[in-house]
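Here's upload36.tsv, which has TSV, C-alpha atoms and all ligand atoms:
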chain	number	residue	atom	x	y	z
A	457	MET	CA	134.36	94.01	87.41
A	458	PHE	CA	131.26	92.79	85.57
A	459	HIS	CA	133.28	91.83	82.49
A	460	SER	CA	135.54	89.52	84.49
A	461	ALA	CA	132.50	88.10	86.34
A	462	ARG	CA	130.88	87.43	82.95
A	463	ILE	CA	134.02	85.64	81.70
A	464	LYS	CA	134.18	83.58	84.91
A	465	LEU	CA	130.51	82.63	84.68
A	466	THR	CA	130.99	81.64	81.00
A	467	ALA	CA	133.99	79.50	82.01
A	468	TRP	CA	131.85	77.74	84.65
A	469	TYR	CA	129.05	77.12	82.12
A	470	LEU	CA	131.64	75.75	79.65
A	471	LEU	CA	133.26	73.54	82.26
A	472	ILE	CA	129.94	71.94	83.19
A	473	ILE	CA	128.82	71.49	79.56
A	474	MET	CA	132.20	70.05	78.47
A	475	LEU	CA	132.32	67.68	81.46
A	476	VAL	CA	128.90	66.31	80.50
A	477	SER	CA	129.76	66.21	76.78
A	478	ILE	CA	133.16	64.48	77.27
A	479	THR	CA	131.63	61.92	79.68
A	480	PHE	CA	128.92	61.06	77.14
A	481	SER	CA	131.47	60.97	74.26
A	482	THR	CA	133.66	58.50	76.23
A	483	ILE	CA	130.65	56.27	76.93
A	484	ILE	CA	129.57	56.46	73.27
A	485	TYR	CA	133.13	55.73	72.05
A	486	GLN	CA	133.51	52.68	74.29
A	487	GLY	CA	130.10	51.41	73.23
A	488	ILE	CA	130.94	51.81	69.53
A	489	VAL	CA	134.36	50.10	69.92
A	490	ARG	CA	132.64	47.14	71.63
A	491	GLU	CA	130.04	47.03	68.84
A	492	VAL	CA	132.73	47.09	66.09
A	493	GLU	CA	134.59	44.20	67.76
A	494	ARG	CA	131.34	42.23	68.17
A	495	PHE	CA	130.42	42.89	64.55
A	496	ASP	CA	133.92	41.78	63.40
A	497	ARG	CA	133.61	38.51	65.37
A	498	ALA	CA	130.07	37.87	64.08
A	499	GLN	CA	131.18	38.50	60.52
A	500	ARG	CA	134.05	35.99	60.81
A	501	VAL	CA	131.73	33.32	62.27
A	502	ARG	CA	129.32	33.90	59.39
A	503	ILE	CA	132.19	33.47	56.80
A	504	GLN	CA	133.38	30.31	58.55
A	505	ARG	CA	129.84	28.83	58.50
A	506	ARG	CA	129.41	29.61	54.78
A	507	LEU	CA	132.77	27.94	53.95
A	508	LEU	CA	131.72	24.83	55.91
A	509	GLU	CA	128.44	24.67	54.00
A	510	GLN	CA	130.32	24.92	50.69
A	511	THR	CA	132.81	22.09	51.49
A	512	GLY	CA	130.12	19.96	53.22
A	513	ASP	CA	132.84	18.40	55.44
A	514	LEU	CA	131.44	19.00	58.84
A	515	GLN	CA	133.83	16.48	60.51
A	516	SER	CA	137.00	18.57	60.03
A	517	PRO	CA	136.01	22.20	60.64
A	518	LEU	CA	137.95	24.99	58.94
A	519	PRO	CA	139.93	27.41	61.11
A	520	MET	CA	138.21	30.73	61.94
A	521	PRO	CA	139.05	33.40	59.28
A	522	SER	CA	141.48	35.93	60.65
A	523	SER	CA	140.28	39.41	61.59
A	524	ASN	CA	141.37	42.63	59.79
A	525	PRO	CA	142.75	44.73	62.67
A	526	GLU	CA	143.56	47.72	60.42
A	527	LEU	CA	139.97	47.97	59.26
A	528	VAL	CA	138.74	47.80	62.87
A	529	LYS	CA	141.31	50.40	63.99
A	530	GLU	CA	140.35	52.68	61.11
A	531	ALA	CA	136.66	52.49	62.07
A	532	GLU	CA	137.53	53.29	65.70
A	533	GLN	CA	139.69	56.24	64.67
A	534	ARG	CA	136.93	57.62	62.48
A	535	VAL	CA	134.49	57.47	65.39
A	536	LEU	CA	137.07	59.17	67.60
A	537	ALA	CA	137.60	61.96	65.06
A	538	LEU	CA	133.84	62.46	64.69
A	539	LEU	CA	133.38	62.70	68.46
A	540	PHE	CA	136.28	65.13	68.69
A	541	PHE	CA	134.72	67.28	65.97
A	542	ILE	CA	131.29	67.23	67.69
A	543	ASN	CA	132.93	68.23	71.02
A	544	ALA	CA	134.80	71.08	69.36
A	545	ILE	CA	131.49	72.39	67.92
A	546	ILE	CA	129.79	72.03	71.33
A	547	LEU	CA	132.70	73.95	72.89
A	548	LEU	CA	132.38	76.80	70.39
A	549	VAL	CA	128.57	77.04	70.42
A	550	SER	CA	128.24	76.70	74.20
A	551	GLY	CA	131.07	79.23	74.68
A	552	GLY	CA	129.15	81.82	72.65
A	553	LEU	CA	125.76	80.97	74.17
A	554	GLY	CA	127.27	80.82	77.67
A	555	TYR	CA	128.75	84.29	77.22
A	556	LEU	CA	125.34	85.63	76.12
A	557	LEU	CA	123.56	83.84	78.98
A	558	ALA	CA	126.10	85.14	81.52
A	559	GLY	CA	125.38	88.64	80.19
A	560	TYR	CA	121.62	88.14	80.63
A	561	THR	CA	122.15	86.76	84.15
A	562	LEU	CA	124.46	89.55	85.29
A	563	ASN	CA	122.73	92.52	83.61
A	564	PRO	CA	119.97	93.01	86.25
A	565	ILE	CA	122.60	92.77	89.02
A	566	LYS	CA	124.79	95.28	87.16
A	567	LYS	CA	121.81	97.67	86.82
A	568	MET	CA	120.99	97.26	90.50
A	569	VAL	CA	124.57	98.01	91.59
A	570	GLU	CA	124.73	101.06	89.29
A	571	ASP	CA	121.40	102.23	90.70
A	572	GLN	CA	122.62	101.79	94.28
A	573	ASN	CA	125.84	103.67	93.51
A	574	ARG	CA	123.89	106.55	91.99
A	575	PHE	CA	121.61	106.57	95.04
A	576	ILE	CA	124.58	106.68	97.44
A	577	ALA	CA	126.22	109.47	95.40
A	578	ASP	CA	122.99	111.54	95.32
A	579	ALA	CA	122.31	110.95	99.03
A	580	SER	CA	125.87	111.91	99.99
A	581	HIS	CA	125.59	115.03	97.86
A	582	GLU	CA	122.32	116.05	99.55
A	583	LEU	CA	123.74	115.31	103.03
A	584	ARG	CA	126.90	117.28	102.34
A	585	THR	CA	125.12	120.56	101.58
A	586	PRO	CA	123.58	121.17	105.06
A	587	LEU	CA	126.70	119.74	106.73
A	588	THR	CA	128.98	122.16	104.86
A	589	SER	CA	126.70	125.05	105.72
A	590	LEU	CA	126.71	123.99	109.41
A	591	LYS	CA	130.48	123.64	109.44
A	592	SER	CA	131.20	126.98	107.82
A	593	SER	CA	128.79	128.92	110.04
A	594	ILE	CA	130.41	127.40	113.16
A	595	GLU	CA	133.91	128.14	111.80
A	596	VAL	CA	133.04	131.78	111.06
A	597	PHE	CA	131.56	132.13	114.54
A	598	MET	CA	134.63	130.61	116.20
A	599	ARG	CA	136.95	132.99	114.35
A	600	GLY	CA	135.14	136.00	115.82
A	601	LYS	CA	136.60	137.32	119.06
A	602	THR	CA	133.51	138.09	121.08
A	603	ALA	CA	129.94	137.00	120.82
A	604	ASN	CA	126.90	138.42	122.47
A	605	PRO	CA	123.99	136.18	123.53
A	606	LYS	CA	121.86	137.45	120.63
A	607	GLU	CA	124.45	136.31	118.06
A	608	VAL	CA	124.83	132.96	119.78
A	609	LYS	CA	121.07	132.45	119.69
A	610	GLU	CA	120.91	133.36	116.00
A	611	LEU	CA	123.70	130.91	115.15
A	612	LEU	CA	122.11	128.14	117.17
A	613	SER	CA	118.70	128.65	115.62
A	614	SER	CA	120.14	128.59	112.08
A	615	ASN	CA	122.13	125.47	113.00
A	616	LEU	CA	118.99	123.88	114.38
A	617	GLU	CA	117.27	124.51	111.06
A	618	GLU	CA	120.08	122.69	109.23
A	619	VAL	CA	119.94	119.83	111.75
A	620	ASN	CA	116.17	119.56	111.24
A	621	GLN	CA	116.71	119.36	107.49
A	622	LEU	CA	119.34	116.66	107.96
A	623	GLU	CA	116.96	114.75	110.21
A	624	SER	CA	114.13	114.88	107.70
A	625	LEU	CA	116.47	113.87	104.86
A	626	THR	CA	117.80	110.83	106.75
A	627	ALA	CA	114.24	109.87	107.73
A	628	ASP	CA	113.20	110.06	104.04
A	629	LEU	CA	116.25	108.03	102.99
A	630	LEU	CA	115.45	105.34	105.56
A	631	GLN	CA	111.83	105.21	104.45
A	632	LEU	CA	112.77	104.94	100.81
A	633	THR	CA	115.17	102.06	101.47
A	634	LYS	CA	112.51	100.33	103.58
A	635	TYR	CA	109.89	100.56	100.82
A	636	GLU	CA	112.38	99.66	98.09
A	637	ALA	CA	113.19	96.47	99.97
A	638	GLY	CA	109.42	95.75	99.96
A	639	ASN	CA	109.29	95.52	103.76
A	640	GLY	CA	106.00	97.43	103.68
A	641	LYS	CA	104.21	94.22	102.68
A	642	VAL	CA	104.82	92.52	106.01
A	643	HIS	CA	101.93	93.91	108.07
A	644	PHE	CA	99.16	94.04	105.46
A	645	ASP	CA	95.72	94.25	106.99
A	646	ARG	CA	92.23	95.59	106.31
A	647	VAL	CA	92.54	99.39	106.26
A	648	GLU	CA	89.67	101.85	106.45
A	649	ILE	CA	90.41	104.38	103.71
A	650	GLU	CA	88.47	107.16	105.49
A	651	THR	CA	90.69	106.80	108.60
A	652	VAL	CA	93.82	107.02	106.43
A	653	ILE	CA	92.66	110.24	104.77
A	654	ASP	CA	91.53	111.77	108.08
A	655	LYS	CA	94.91	111.06	109.69
A	656	ALA	CA	96.83	112.46	106.71
A	657	VAL	CA	94.75	115.65	106.72
A	658	GLN	CA	95.32	115.99	110.46
A	659	ARG	CA	99.10	115.71	109.99
A	660	VAL	CA	99.31	118.47	107.39
A	661	GLN	CA	96.70	120.74	108.99
A	662	PRO	CA	99.26	122.94	110.83
A	663	LEU	CA	101.06	123.64	107.52
A	664	ALA	CA	97.77	124.40	105.79
A	665	VAL	CA	96.71	126.73	108.59
A	666	LYS	CA	100.02	128.61	108.30
A	667	LYS	CA	99.27	129.34	104.62
A	668	HIS	CA	95.51	129.82	105.17
A	669	ILE	CA	94.85	126.89	102.86
A	670	LYS	CA	91.53	125.05	103.10
A	671	ILE	CA	91.45	121.27	102.70
A	672	ILE	CA	88.19	119.80	101.41
A	673	LYS	CA	87.72	116.04	101.69
A	674	LYS	CA	85.14	113.64	100.34
A	675	THR	CA	85.77	110.06	101.40
A	676	ILE	CA	83.91	106.74	101.38
A	677	LYS	CA	83.58	104.01	103.97
A	678	LYS	CA	85.61	101.31	102.21
A	679	GLN	CA	88.51	99.09	103.10
A	680	VAL	CA	91.62	98.16	101.17
A	681	ILE	CA	94.23	95.55	102.01
A	682	GLY	CA	97.41	97.34	102.96
A	683	GLU	CA	99.55	98.91	105.63
A	684	ALA	CA	97.73	101.77	107.37
A	685	GLU	CA	100.86	103.77	108.26
A	686	SER	CA	102.34	103.55	104.73
A	687	LEU	CA	99.05	104.60	103.14
A	688	THR	CA	98.79	107.52	105.57
A	689	LYS	CA	102.36	108.57	104.63
A	690	LEU	CA	101.40	108.35	100.96
A	691	ILE	CA	98.42	110.72	101.28
A	692	THR	CA	100.41	112.96	103.67
A	693	ALA	CA	103.21	113.29	101.08
A	694	LEU	CA	100.76	114.33	98.35
A	695	LEU	CA	98.97	116.79	100.64
A	696	ASP	CA	102.29	118.15	101.86
A	697	ASN	CA	103.34	118.86	98.26
A	698	ALA	CA	99.96	120.34	97.44
A	699	ILE	CA	100.40	122.81	100.33
A	700	LYS	CA	104.07	123.52	99.49
A	701	TYR	CA	103.36	124.29	95.84
A	702	SER	CA	100.12	126.26	96.36
A	703	SER	CA	99.75	129.92	97.11
A	704	LYS	CA	98.19	131.29	100.30
A	705	ASN	CA	94.39	131.25	100.71
A	706	SER	CA	93.90	128.51	98.10
A	707	THR	CA	91.97	125.26	98.38
A	708	ILE	CA	93.12	121.66	98.20
A	709	SER	CA	90.75	118.74	97.77
A	710	VAL	CA	91.00	115.02	98.53
A	711	PHE	CA	88.38	112.95	96.77
A	712	CYS	CA	87.81	109.27	97.15
A	713	LYS	CA	85.49	106.96	95.19
A	714	GLN	CA	85.07	103.34	94.22
A	715	ILE	CA	85.30	102.22	90.59
A	716	ASP	CA	84.47	98.48	90.36
A	717	SER	CA	87.08	96.73	92.49
A	718	ILE	CA	89.33	99.79	92.73
A	719	ILE	CA	89.50	102.69	95.17
A	720	GLU	CA	90.43	105.96	93.53
A	721	ILE	CA	91.93	108.76	95.62
A	722	THR	CA	92.62	112.14	94.04
A	723	VAL	CA	94.60	114.95	95.65
A	724	GLN	CA	94.07	118.16	93.74
A	725	ASP	CA	95.52	121.62	94.19
A	726	SER	CA	95.41	124.89	92.31
A	727	GLY	CA	99.09	125.65	92.81
A	728	ILE	CA	102.04	126.41	90.53
A	729	GLY	CA	101.63	123.21	88.45
A	730	ILE	CA	104.28	121.07	86.78
A	731	ASP	CA	105.68	121.47	83.29
A	732	GLN	CA	104.55	118.65	80.92
A	733	LYS	CA	108.16	117.76	80.10
A	734	GLU	CA	108.90	117.22	83.80
A	735	LEU	CA	105.96	114.92	84.52
A	736	GLY	CA	107.94	111.82	83.57
A	737	ASP	CA	110.73	112.63	86.05
A	738	ILE	CA	108.98	113.73	89.22
A	739	PHE	CA	108.76	110.18	90.64
A	740	ASN	CA	112.53	109.72	90.31
A	741	ARG	CA	114.64	109.89	93.47
A	742	PHE	CA	116.09	113.35	94.19
A	743	TYR	CA	114.25	114.92	91.26
A	744	ARG	CA	113.18	118.49	91.93
A	745	SER	CA	111.92	120.79	89.23
A	746	ASP	CA	114.06	123.83	88.56
A	747	LYS	CA	111.19	125.97	89.85
A	748	SER	CA	111.18	124.32	93.28
A	749	ARG	CA	114.98	124.31	93.46
A	750	SER	CA	115.26	127.97	92.66
A	751	LYS	CA	112.57	128.96	95.17
A	752	GLU	CA	114.55	128.67	98.36
A	753	ASN	CA	111.51	128.82	100.58
A	754	ILE	CA	110.22	125.50	99.17
A	755	ALA	CA	112.00	122.92	101.25
A	756	GLY	CA	112.50	119.36	100.01
A	757	TYR	CA	114.91	116.85	98.61
A	758	GLY	CA	112.91	115.30	95.79
A	759	LEU	CA	112.23	112.11	97.74
A	760	GLY	CA	108.55	112.54	98.62
A	761	LEU	CA	107.11	111.32	95.33
A	762	ALA	CA	109.71	108.53	95.01
A	763	ILE	CA	108.55	107.22	98.41
A	764	ALA	CA	104.88	107.68	97.39
A	765	LYS	CA	105.47	105.66	94.20
A	766	LYS	CA	107.15	102.83	96.15
A	767	ILE	CA	104.23	102.67	98.62
A	768	VAL	CA	101.73	102.50	95.74
A	769	ASP	CA	103.82	99.80	94.01
A	770	ASN	CA	103.94	97.76	97.23
A	771	HIS	CA	100.12	97.92	97.33
A	772	LYS	CA	99.89	96.80	93.67
A	773	GLY	CA	98.33	100.13	92.77
A	774	THR	CA	99.09	102.95	90.35
A	775	ILE	CA	99.74	106.66	90.71
A	776	THR	CA	99.26	109.15	87.88
A	777	VAL	CA	99.53	112.90	87.62
A	778	LYS	CA	97.83	115.60	85.57
A	779	SER	CA	99.05	119.15	85.76
A	780	LYS	CA	98.91	122.52	84.09
A	781	VAL	CA	101.46	125.20	84.86
A	782	GLY	CA	99.83	128.05	86.77
A	783	HIS	CA	96.55	126.15	87.21
A	784	GLY	CA	97.33	123.25	89.51
A	785	THR	CA	98.09	119.58	89.85
A	786	ALA	CA	96.05	116.43	90.48
A	787	PHE	CA	97.58	113.16	91.65
A	788	THR	CA	95.35	110.10	91.26
A	789	ILE	CA	95.95	106.85	93.09
A	790	HIS	CA	94.26	103.55	92.23
A	791	LEU	CA	94.32	100.87	94.92
A	792	PRO	CA	92.78	97.44	94.38
A	793	ILE	CA	90.20	96.25	96.93
A	794	SER	CA	91.22	92.71	97.71
A	795	HIS	CA	88.38	90.37	98.65
A	796	THR	CA	90.62	87.68	100.10
A	797	ARG	CA	90.72	87.30	103.87
A	798	VAL	CA	93.94	88.38	105.62
B	1	LIG	P1	110.14	117.77	96.88
B	1	LIG	O1	108.76	118.29	97.04
B	1	LIG	O2	110.82	117.49	98.17
B	1	LIG	O3	110.97	118.59	95.96
B	1	LIG	P2	108.89	115.47	95.68
B	1	LIG	O4	109.46	114.16	95.30
B	1	LIG	O5	107.77	115.46	96.64
B	1	LIG	O6	110.08	116.33	96.18
B	1	LIG	O7	108.42	116.17	94.35
B	1	LIG	C1	109.27	116.24	93.23
B	1	LIG	C2	109.00	117.48	92.40
B	1	LIG	O8	107.70	117.39	91.82
B	1	LIG	C3	108.97	118.75	93.22
B	1	LIG	O9	110.25	119.30	93.31
B	1	LIG	C4	108.03	119.65	92.44
B	1	LIG	O10	108.75	120.29	91.41
B	1	LIG	C5	107.08	118.67	91.78
B	1	LIG	N1	105.80	118.60	92.48
B	1	LIG	C6	105.36	117.58	93.27
B	1	LIG	N2	104.12	117.81	93.70
B	1	LIG	C7	103.75	119.01	93.19
B	1	LIG	C8	102.56	119.80	93.27
B	1	LIG	N3	101.49	119.41	93.96
B	1	LIG	N4	102.52	120.95	92.56
B	1	LIG	C9	103.59	121.35	91.83
B	1	LIG	N5	104.74	120.65	91.73
B	1	LIG	C10	104.82	119.50	92.39

Could you spell out this file's structure in structure tokens?
Ligand code: ADP
Amino acid sequence: MFHSARIKLTAWYLLIIMLVSITFSTIIYQGIVREVERFDRAQRVRIQRRLLEQTGDLQSPLPMPSSNPELVKEAEQRVLALLFFINAIILLVSGGLGYLLAGYTLNPIKKMVEDQNRFIADASHELRTPLTSLKSSIEVFMRGKTANPKEVKELLSSNLEEVNQLESLTADLLQLTKYEAGNGKVHFDRVEIETVIDKAVQRVQPLAVKKHIKIIKKTIKKQVIGEAESLTKLITALLDNAIKYSSKNSTISVFCKQIDSIIEITVQDSGIGIDQKELGDIFNRFYRSDKSRSKENIAGYGLGLAIAKKIVDNHKGTITVKSKVGHGTAFTIHLPISHTRV
């Protein structure tokens, strides 16, 4: 598909270049022909005048010397051949360059389409797993002859779990597409960083309580330019992971400080940690380390950090991670404090 689009684009480039080149060549050719004829006439007048001066008989002027049409024609043909040659070179060079340029133009689009296709394939794969499990459990249940209320309740509660997972996956997918499209930039405002952190901590508190995890926070009264809800989701995602990948009775900390014109937020845990070789992949969509995949009790689809990265990008910030397996992980976010009025 992209190869034929590249050929078509090259053909359009060539058509435009050759139209311009042929138009100019025609104008140049006509101009040169006119010049040759003018030169021929001027030359004959000059010869006639010289002959008159030699004879000195100005009363009976000599006839105008005849022109040499073959010489004129030959000059015109040479010009025509030269123009033809130049056009052929332009055709060849612009064909090659046009093909290269078409490649450069189409490559980002090709990458984007490939990326989208991979995203759709990964998303469909993730959606299919809970759907298949739902379908098969219902089918098995329907094949059974009788069912007591206890069995029905068990089936419904397991189905509800799958439905909840599907709901959270589709919500994550929608969020990711929203942030990838850069829509998060629309409602930028002054945001109190302390409020963002407080809200995020509040959201994850029930999960932390379940695992007897303590969250320590140290914030500052500073503002950044951004979208409050997106920034809250960002800190919530990091805290959520910190809780998921930490053992019971541990401590998680959220620190915030200002470094020049930057706000630094660090979310640190003392959980299972991430292998050094995986650190480069964790921000990719649908990436889950083998450890979190194999541990069935750790729910997730590998979208949390991809969403977090998009939010940070939309705020012109950076997110980095430091981790040691068995010791814990620290995510650090840098957000610029903008001094311009909104
Ligand atoms: P999910 O948590 O749903 O798997 P994320 O995108 O949030 O997806 O994280 C991607 C992967 O990064 C996780 O599967 C996990 O392996 C690793 N990870 C993220 N945060 C932490 C953390 N705080 N501690 C250990 N591993 C983490």

Which one is closest to A:Asn543: A:Lys529, A:Phe742, A:Phe480, A:Phe787? Count all atoms listed in the file.
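Distance minimum relative to A:Asn543 lands on A:Phe480.
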
What is the atom CA of A:Leu616 to atom CA of A:Glu582 distance in Å?
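Between these atoms lies a distance of 17.1 Å.
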
Give me, as an MDAnalysis selection string, the set of residues whose atoms come within 8 Å of any atom of ligand LIG 1 (chain B), counting only C-alpha atoms and all ligand atoms.
chainID A and resid 693:695 697:702 724:725 727:730 735 738:749 754:763 779 784:787

Test item: residues at most 12 Å from A:Asp716, only C-alpha atoms, excluding those fewer than 6 positions along its chain, as a JSON list (two decimals) with C-alpha atoms, in the frame of the given file:
[["chain", "number", "residue", "atom", "x", "y", "z"],
["A", 790, "HIS", "CA", 94.26, 103.55, 92.23],
["A", 791, "LEU", "CA", 94.32, 100.87, 94.92],
["A", 792, "PRO", "CA", 92.78, 97.44, 94.38],
["A", 793, "ILE", "CA", 90.20, 96.25, 96.93],
["A", 794, "SER", "CA", 91.22, 92.71, 97.71]]

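Interatomic distance, atom CA of A:Gln679 to atom CA of A:Asp628: 27.0 Å.
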
Can you measure atom CA of A:Val710 to atom CA of A:Asp696 for me? One decimal in Å is fine.
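Separating atom CA of A:Val710 from atom CA of A:Asp696 is a distance of 12.2 Å.
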
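The smallest atom-to-atom distance between A:Ile545 and any of A:Leu587, A:Ala603, A:Ile473, A:Val569, using only C-alpha atoms, is found for A:Ile473.
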
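Here the question is which of A:Val596, A:Leu470, A:Gln486, A:Lys606 gets nearest to A:Leu553 using all atoms listed in the file, and that residue is A:Leu470.
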
Hey, what's within 10 Å of A:Leu612 if we count all atoms listed in the file and toss same-chain stuff fewer than 6 positions away? As a list in words, please?
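The filter keeps Leu590, Ser593, Ile594, Lys606 and Glu618 of chain A.
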
Determine, using only C-alpha atoms, which residues of stretch 676-791 of chain A have any atom at most 8 Å from an atom of stretch 650-663 of chain A, and tabulate each with its shortest atom pair and distance in Å to one decimal place, rows ordered by chain and then rising number, as JSON lines.
{"residue": "A:Ile676", "atom": "CA", "partner": "A:Glu650", "partner_atom": "CA", "distance": 6.2}
{"residue": "A:Lys677", "atom": "CA", "partner": "A:Glu650", "partner_atom": "CA", "distance": 6.0}
{"residue": "A:Lys678", "atom": "CA", "partner": "A:Glu650", "partner_atom": "CA", "distance": 7.3}
{"residue": "A:Ala684", "atom": "CA", "partner": "A:Val652", "partner_atom": "CA", "distance": 6.6}
{"residue": "A:Glu685", "atom": "CA", "partner": "A:Val652", "partner_atom": "CA", "distance": 8.0}
{"residue": "A:Leu687", "atom": "CA", "partner": "A:Val652", "partner_atom": "CA", "distance": 6.6}
{"residue": "A:Thr688", "atom": "CA", "partner": "A:Val652", "partner_atom": "CA", "distance": 5.1}
{"residue": "A:Lys689", "atom": "CA", "partner": "A:Ala656", "partner_atom": "CA", "distance": 7.1}
{"residue": "A:Ile691", "atom": "CA", "partner": "A:Ala656", "partner_atom": "CA", "distance": 5.9}
{"residue": "A:Thr692", "atom": "CA", "partner": "A:Ala656", "partner_atom": "CA", "distance": 4.7}
{"residue": "A:Leu695", "atom": "CA", "partner": "A:Val660", "partner_atom": "CA", "distance": 7.0}
{"residue": "A:Asp696", "atom": "CA", "partner": "A:Val660", "partner_atom": "CA", "distance": 6.3}
{"residue": "A:Ile699", "atom": "CA", "partner": "A:Leu663", "partner_atom": "CA", "distance": 7.3}

Got a sec to check which residues sit within 10 Å of (104.0, 101.6, 98.9), counting only C-alpha atoms, and write them as a PyMOL selection string?
chain A and resi 632+634-636+638-641+682-683+686-687+689-690+762-774

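With distances restricted to all atoms listed in the file, A:Ile484 is the closest residue to A:Leu538 from A:Val492, A:Ile718, A:Ala637, A:Ile484.
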
Skip A:Lys591 itself and residues of its chain fewer than 3 positions away, then list as a PyMOL selection string all residues within 12 Å of it, counting all atoms listed in the file.
chain A and resi 584-588+594-598+611+614-615+618-619
